[in-house]
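Undergrad: My structure is below; once you've seen it, I'll send some questions.
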Amino acid sequence: MKSCASAARAAGQQFFSAATNALASGKSFTDATAGQPIRLSELSFNLSSPSIPGLDPGVNPSQVKAVAATNTVGTVSAFVPTMEGGFVLFVRERKPVEEATAKAALNGFLVEQRRERENDAFSVWFAEQMKKSGIQQLVEGLRL
């Protein structure tokens, strides 16, 4: 007897084949889903967000984002099995990052890089001061 998850995986594989054939014959993805025993979810997200609004809780957002990042616009991804079944992803479009979002991310990145370089410089300075002071030899001498 097949489990629900294995039945869902079989249906997902069949849908992948049907959708691929439908797109190859010039049909839209929406047309390819008509009459199929699947649940269609339209998701809008960016790859840097930690979650995906509207995503089924049984699907790992990182897995969806990884597939979305490598999938070509207008094509169907291969069927991706999950614990409870699986998914097929169709990337309708990719929108460019808004300039304000990009600037904010860049500013945050620059602040973090500056902080790391300052920490590195302090660590080098501190190590030199320790060496000059002779404290290291004193500490080693106390361990005897």
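Residues in the structure tokens are numbered from 1 in each chain, the chains being A, B, ... in the order shown, and ligands are numbered from 1 in the order shown.
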May I have the residues within 12 Å of range 92-105 of chain A as a count of residues only, using only C-alpha atoms and disregarding those fewer than 6 positions away in the same chain?
TA: 22
Undergrad: Do a neighbour search on Ser62 in chain A at 9 Å with only C-alpha atoms, toss out local chain neighbours closer than 2 positions, and write the hits as a PyMOL selection string.
TA: chain A and resi 47+50-51+59-60+64-67
Undergrad: So which residues of chain A fall under strand (DSSP E) by DSSP, listed as a count of residues only?
TA: 6
Undergrad: Separation of CA of Ala8 in chain A and CA of Pro53 in chain A, in Å?
TA: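 So the two atoms, CA of Ala8 in chain A and CA of Pro53 in chain A, lie 22.6 Å apart.
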Undergrad: When you count only C-alpha atoms, which of these residues is closest to Ser3 in chain A: A:Gly26, A:Glu84, A:Ile52, A:Ala18?
TA: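 Looking at the shortest contact to Ser3 in chain A, the residue is A:Glu84.
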Undergrad: Within 8 Å of Gly85 in chain A, counting only C-alpha atoms, which residues qualify if same-chain residues fewer than 4 places away don't, as a PyMOL selection string?
TA: chain A and resi 4-9+12+81
Undergrad: Write to file, as a compact mmCIF listing (two decimals), in the first residue's frame, the residues of the selection just made, with C-alpha atoms.
TA:
```txt
# COMPACT_ATOMS: atom_id res chain seq x y z
CA CYS A 4 0.22 9.56 1.07
CA ALA A 5 3.72 11.01 0.65
CA SER A 6 4.69 8.48 -2.04
CA ALA A 7 1.38 9.06 -3.85
CA ALA A 8 2.05 12.81 -3.72
CA ARG A 9 5.54 12.24 -5.10
CA GLY A 12 4.36 15.45 -8.64
CA PRO A 81 10.71 15.59 -3.15
```
Undergrad: Between A:Thr33, A:Gln136, A:Leu23, A:Ile38, single out the one closest to Ala11 in chain A, counting only C-alpha atoms.
TA: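 That would be A:Ile38, the residue with the smallest distance to Ala11 in chain A.
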Undergrad: Taking the DSSP assignment computed from this structure's backbone, write out as number ranges by chain all residues of chain A that belong to alpha helix (DSSP H).
TA: A: 4-24, 29-33, 61-70, 99-133, 135-142
Undergrad: Provide the CA of Asn107 in chain A to CA of Asp120 in chain A distance in Å, to one decimal place.
TA: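 CA of Asn107 in chain A sits 19.9 Å away from CA of Asp120 in chain A.
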Undergrad: State, in Å with one decimal place, the distance from CA of Gln137 in chain A to CA of Arg117 in chain A.
TA: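 Separating CA of Gln137 in chain A from CA of Arg117 in chain A is a distance of 28.6 Å.
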